[in-house]
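*Asks:* One structure, as structure tokens, below. Some questions next.
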Amino acid sequence: MSVRRTLPQRARTLIGAWCFADHYGPDDVTATGGMDVPPHPHTGLQTVSWLFSGEIEHRDSLGSHAFVRPGELNLMTGGYGISHSEVSTADTTVLHGVQLWVALPEAHRNTGRDFQHYAPEPVRVDGAEIRVFLGSLAGDLSPVRTFTPLLGAQITLEPRAAITLAVDAGFEHGLLVDSGEVHMADTLLRPADLGYVHPGVEALTLVNESDAPARTILLGGLPFEEEIVMWWNFIGRSHDDIAQARTDWEAGTRFGEVHGYDGSPLPAPELPSTPLKPRRRTR
């Protein structure tokens, strides 16, 4: 599949507690074969799945069996350890969306497994439609539980539309453009660009510079000041945390079993020969 990793990158590791953003598709999976990710582990994070088109079947070691559909949030909490599989459904023709991760703060890093599903109602503002899947924006509030203050929303701007949205001045924000060309903070963002706005801003103005709708994902959160070590599907605070998680996965402990997937779990890659280094928020 076509995947663009927009976070982390050399210039920026975190936006709030958002630590990972993969922007994938649109891909014609009738030709490519689609998504088929065997059971694999997560620890120290929450996964946020959001689709623009297609459908993905989710199974996890909590016993959840759910479907990811356009405009509907699936949020899975790894905490101490969870495993899951992701497979695009037979009816899917075009698969297109984002896969996002949220780092858990140290106080909640080993919390229990959890799975939440939420389908936000669209909110109309002049020139735009907004779906708030985490946090609050434009008078709408998501009921989904997180462990740090966060914002996640899909904003679709009408052709040549401009909107100004009140935001939390304590947050830093990132805008991922999926389609169209959007001005934010005097910067023109094109498809697959991720724009950043530092804390201290009370309102964001977005301007669609194209003659077609522009679809974006707005992410935000209080600056995450803890150092993290992120490798493969794990987030810890040290190389030893990661090494132990890998050992536990290979031994078949800690992460539970995924039932209903036809195939073997995904083996862990080899750790690098040098110790993994912590990373922290870019100031």
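Chain labels follow the order of the structure tokens: the first chain is A, the next B, and so on; residue numbering restarts at 1 in every chain, and ligands are counted from 1 in their shown order.
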Excluding Arg281 of chain A and any residue of its chain fewer than 6 positions from it, enumerate the residues within 12 Å of it, using only C-alpha atoms, and give them as an MDAnalysis selection string.
*Replies:* chainID A and resid 7:19 103 172 198 222:229
*Asks:* I'd like the neighbourhood of Ala128 of chain A as a count of residues only, where a residue qualifies if any of its atoms comes within 6 Å (using only C-alpha atoms), though same-chain residues fewer than 2 positions away should be ignored.
*Replies:* 5
*Asks:* Enumerate the residues of segment 41-174 of chain A with a DSSP assignment of strand (DSSP E), computed from the backbone, and present them as a ChimeraX atom specification.
*Replies:* /A:41-42,45-53,56-60,65-68,73-77,82-88,94-103,114-118,123-125,128-134,136-137,140-141,150-157,162-166,172-174
*Asks:* For segment 269-278 of chain A, list every protein, DNA or RNA residue within 10 Å, evaluated using only C-alpha atoms, and leave out those in the same chain fewer than 3 positions away; present the list as a compact mmCIF listing (two decimals) with all heavy atoms, in the first residue's frame.
*Replies:*
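So around_25.txt came out as:
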# COMPACT_ATOMS: atom_id res chain seq x y z
N GLU A 226 7.36 14.25 28.44
CA GLU A 226 8.14 13.05 28.80
C GLU A 226 8.94 12.55 27.60
O GLU A 226 8.51 12.66 26.46
CB GLU A 226 7.20 11.94 29.27
CG GLU A 226 6.40 12.30 30.50
CD GLU A 226 5.43 11.19 30.89
OE1 GLU A 226 5.68 10.02 30.52
OE2 GLU A 226 4.43 11.48 31.55
N GLU A 227 10.11 11.99 27.88
CA GLU A 227 10.88 11.32 26.84
C GLU A 227 10.28 9.94 26.59
O GLU A 227 9.78 9.28 27.52
CB GLU A 227 12.34 11.17 27.25
CG GLU A 227 13.11 12.46 27.27
CD GLU A 227 14.61 12.23 27.45
OE1 GLU A 227 15.00 11.15 27.93
OE2 GLU A 227 15.39 13.14 27.10
N ILE A 228 10.30 9.51 25.33
CA ILE A 228 9.80 8.19 24.99
C ILE A 228 10.83 7.46 24.14
O ILE A 228 11.67 8.08 23.48
CB ILE A 228 8.45 8.25 24.23
CG1 ILE A 228 8.62 8.97 22.88
CG2 ILE A 228 7.38 8.92 25.08
CD1 ILE A 228 7.37 8.89 22.00
N VAL A 229 10.75 6.15 24.19
CA VAL A 229 11.49 5.30 23.26
C VAL A 229 10.45 4.56 22.44
O VAL A 229 9.60 3.85 23.00
CB VAL A 229 12.42 4.30 24.00
CG1 VAL A 229 13.11 3.39 22.99
CG2 VAL A 229 13.44 5.04 24.84
N MET A 230 10.48 4.74 21.13
CA MET A 230 9.49 4.12 20.25
C MET A 230 10.22 3.25 19.24
O MET A 230 11.11 3.72 18.52
CB MET A 230 8.67 5.20 19.54
CG MET A 230 7.52 4.64 18.72
SD MET A 230 6.29 5.90 18.25
CE MET A 230 7.20 6.82 17.02
N TRP A 231 9.84 1.98 19.20
CA TRP A 231 10.44 1.02 18.27
C TRP A 231 9.41 -0.03 17.91
O TRP A 231 8.71 -0.53 18.77
CB TRP A 231 11.67 0.35 18.90
CG TRP A 231 12.32 -0.68 18.03
CD1 TRP A 231 13.23 -0.47 17.04
CD2 TRP A 231 12.10 -2.10 18.07
NE1 TRP A 231 13.60 -1.67 16.45
CE2 TRP A 231 12.91 -2.69 17.07
CE3 TRP A 231 11.29 -2.93 18.85
CZ2 TRP A 231 12.93 -4.06 16.83
CZ3 TRP A 231 11.32 -4.30 18.61
CH2 TRP A 231 12.13 -4.85 17.62
N TRP A 232 9.31 -0.33 16.62
CA TRP A 232 8.32 -1.26 16.09
C TRP A 232 6.94 -0.82 16.58
O TRP A 232 6.52 0.29 16.28
CB TRP A 232 8.66 -2.71 16.43
CG TRP A 232 7.90 -3.71 15.61
CD1 TRP A 232 7.61 -3.63 14.28
CD2 TRP A 232 7.34 -4.95 16.06
NE1 TRP A 232 6.90 -4.74 13.86
CE2 TRP A 232 6.72 -5.56 14.94
CE3 TRP A 232 7.29 -5.60 17.29
CZ2 TRP A 232 6.06 -6.78 15.02
CZ3 TRP A 232 6.65 -6.82 17.37
CH2 TRP A 232 6.04 -7.41 16.25
N GLY A 236 8.08 2.81 25.15
CA GLY A 236 8.55 2.67 26.52
C GLY A 236 9.31 3.92 26.92
O GLY A 236 9.19 4.97 26.30
N ARG A 237 10.12 3.79 27.96
CA ARG A 237 10.94 4.90 28.42
C ARG A 237 12.43 4.58 28.34
O ARG A 237 13.26 5.45 28.59
CB ARG A 237 10.57 5.28 29.87
CG ARG A 237 9.15 5.81 30.03
CD ARG A 237 8.90 7.07 29.22
NE ARG A 237 7.57 7.63 29.42
CZ ARG A 237 6.49 7.29 28.74
NH1 ARG A 237 6.57 6.35 27.79
NH2 ARG A 237 5.32 7.85 28.96
N SER A 238 12.75 3.34 28.01
CA SER A 238 14.16 2.94 27.94
C SER A 238 14.31 1.81 26.93
O SER A 238 13.32 1.16 26.55
CB SER A 238 14.66 2.48 29.31
OG SER A 238 14.01 1.25 29.69
N HIS A 239 15.55 1.56 26.54
CA HIS A 239 15.83 0.41 25.66
C HIS A 239 15.38 -0.89 26.32
O HIS A 239 14.82 -1.77 25.65
CB HIS A 239 17.34 0.36 25.37
CG HIS A 239 17.75 -0.82 24.56
ND1 HIS A 239 17.86 -0.78 23.18
CD2 HIS A 239 18.07 -2.10 24.92
CE1 HIS A 239 18.23 -1.98 22.73
NE2 HIS A 239 18.36 -2.79 23.77
N ASP A 240 15.58 -0.99 27.63
CA ASP A 240 15.21 -2.22 28.33
C ASP A 240 13.71 -2.46 28.30
O ASP A 240 13.26 -3.62 28.22
CB ASP A 240 15.71 -2.18 29.78
CG ASP A 240 17.23 -2.29 29.88
OD1 ASP A 240 17.86 -2.68 28.87
OD2 ASP A 240 17.77 -1.97 30.96
N ILE A 242 11.72 -1.74 25.87
CA ILE A 242 11.42 -2.25 24.53
C ILE A 242 11.91 -3.68 24.39
O ILE A 242 11.18 -4.55 23.85
CB ILE A 242 12.07 -1.35 23.46
CG1 ILE A 242 11.57 0.09 23.60
CG2 ILE A 242 11.82 -1.91 22.07
CD1 ILE A 242 10.09 0.28 23.44
N ALA A 243 13.11 -3.95 24.87
CA ALA A 243 13.65 -5.31 24.77
C ALA A 243 12.78 -6.31 25.52
O ALA A 243 12.56 -7.43 25.04
CB ALA A 243 15.08 -5.33 25.30
N ARG A 246 9.60 -6.99 23.51
CA ARG A 246 9.89 -7.90 22.39
C ARG A 246 10.03 -9.34 22.89
O ARG A 246 9.49 -10.27 22.28
CB ARG A 246 11.17 -7.47 21.68
CG ARG A 246 11.49 -8.33 20.46
CD ARG A 246 12.86 -8.04 19.87
NE ARG A 246 13.06 -8.84 18.68
CZ ARG A 246 13.42 -10.11 18.67
NH1 ARG A 246 13.61 -10.74 19.84
NH2 ARG A 246 13.56 -10.77 17.54
N LEU A 266 2.49 -12.01 13.78
CA LEU A 266 3.63 -11.36 13.13
C LEU A 266 4.86 -11.48 14.02
O LEU A 266 4.81 -11.09 15.19
CB LEU A 266 3.29 -9.89 12.89
CG LEU A 266 4.11 -9.11 11.88
CD1 LEU A 266 3.89 -9.66 10.48
CD2 LEU A 266 3.71 -7.63 11.94
*Asks:* Please report the interatomic distance between atom CA of Gln154 of chain A and atom CA of Arg113 of chain A in Å with one decimal.
*Replies:*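 Value for the atom CA of Gln154 of chain A-atom CA of Arg113 of chain A distance: 26.1 Å.
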*Asks:* Return as JSON lines the residues of segment 202-274 of chain A lying at most 8 Å from segment 38-60 of chain A, together with the closest atom-to-atom pair for each and the distance in Å to one decimal, counting only C-alpha atoms, with rows in chain order and ascending residue number.
*Replies:*
{"residue": "A:Asn233", "atom": "CA", "partner": "A:His42", "partner_atom": "CA", "distance": 5.2}
{"residue": "A:Phe234", "atom": "CA", "partner": "A:Thr43", "partner_atom": "CA", "distance": 5.1}
{"residue": "A:Ile235", "atom": "CA", "partner": "A:Gly44", "partner_atom": "CA", "distance": 4.9}
{"residue": "A:Gly236", "atom": "CA", "partner": "A:Gly44", "partner_atom": "CA", "distance": 6.1}
{"residue": "A:Ala245", "atom": "CA", "partner": "A:Thr43", "partner_atom": "CA", "distance": 7.7}
{"residue": "A:Trp249", "atom": "CA", "partner": "A:Pro41", "partner_atom": "CA", "distance": 7.0}
{"residue": "A:Phe255", "atom": "CA", "partner": "A:Pro41", "partner_atom": "CA", "distance": 6.3}
{"residue": "A:Glu257", "atom": "CA", "partner": "A:Asp60", "partner_atom": "CA", "distance": 7.5}
{"residue": "A:Val258", "atom": "CA", "partner": "A:Asp60", "partner_atom": "CA", "distance": 5.2}
{"residue": "A:His259", "atom": "CA", "partner": "A:Arg59", "partner_atom": "CA", "distance": 7.3}
{"residue": "A:Gly260", "atom": "CA", "partner": "A:Arg59", "partner_atom": "CA", "distance": 7.4}
{"residue": "A:Tyr261", "atom": "CA", "partner": "A:Pro38", "partner_atom": "CA", "distance": 7.4}
{"residue": "A:Gly263", "atom": "CA", "partner": "A:Pro38", "partner_atom": "CA", "distance": 6.9}
{"residue": "A:Ser264", "atom": "CA", "partner": "A:Pro38", "partner_atom": "CA", "distance": 6.7}
{"residue": "A:Pro265", "atom": "CA", "partner": "A:Pro39", "partner_atom": "CA", "distance": 4.6}
{"residue": "A:Leu266", "atom": "CA", "partner": "A:His40", "partner_atom": "CA", "distance": 5.5}
{"residue": "A:Pro267", "atom": "CA", "partner": "A:His40", "partner_atom": "CA", "distance": 7.8}
*Asks:* Using the selection just defined, write its residues with C-alpha atoms as a PDB file, in the first residue's frame.
*Replies:*
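Final file, out-v2.pdb:
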ATOM      1  CA  ASN A 233       4.902  -1.336  17.817  1.00  0.00           C
ATOM      2  CA  PHE A 234       6.130  -0.480  21.304  1.00  0.00           C
ATOM      3  CA  ILE A 235       6.504   2.705  23.330  1.00  0.00           C
ATOM      4  CA  GLY A 236       8.553   2.671  26.516  1.00  0.00           C
ATOM      5  CA  ALA A 245       8.279  -6.180  25.375  1.00  0.00           C
ATOM      6  CA  TRP A 249       5.836 -11.074  22.466  1.00  0.00           C
ATOM      7  CA  PHE A 255      -0.154  -9.476  24.961  1.00  0.00           C
ATOM      8  CA  GLU A 257      -4.238 -13.973  21.807  1.00  0.00           C
ATOM      9  CA  VAL A 258      -6.292 -12.808  18.846  1.00  0.00           C
ATOM     10  CA  HIS A 259      -9.031 -15.280  17.943  1.00  0.00           C
ATOM     11  CA  GLY A 260     -10.635 -15.486  14.533  1.00  0.00           C
ATOM     12  CA  TYR A 261      -7.659 -14.486  12.376  1.00  0.00           C
ATOM     13  CA  GLY A 263      -2.851 -17.130  10.117  1.00  0.00           C
ATOM     14  CA  SER A 264       0.142 -16.855  12.415  1.00  0.00           C
ATOM     15  CA  PRO A 265       1.106 -13.820  14.516  1.00  0.00           C
ATOM     16  CA  LEU A 266       3.628 -11.358  13.131  1.00  0.00           C
ATOM     17  CA  PRO A 267       7.174 -12.082  14.350  1.00  0.00           C
TER      18      PRO A 267
END
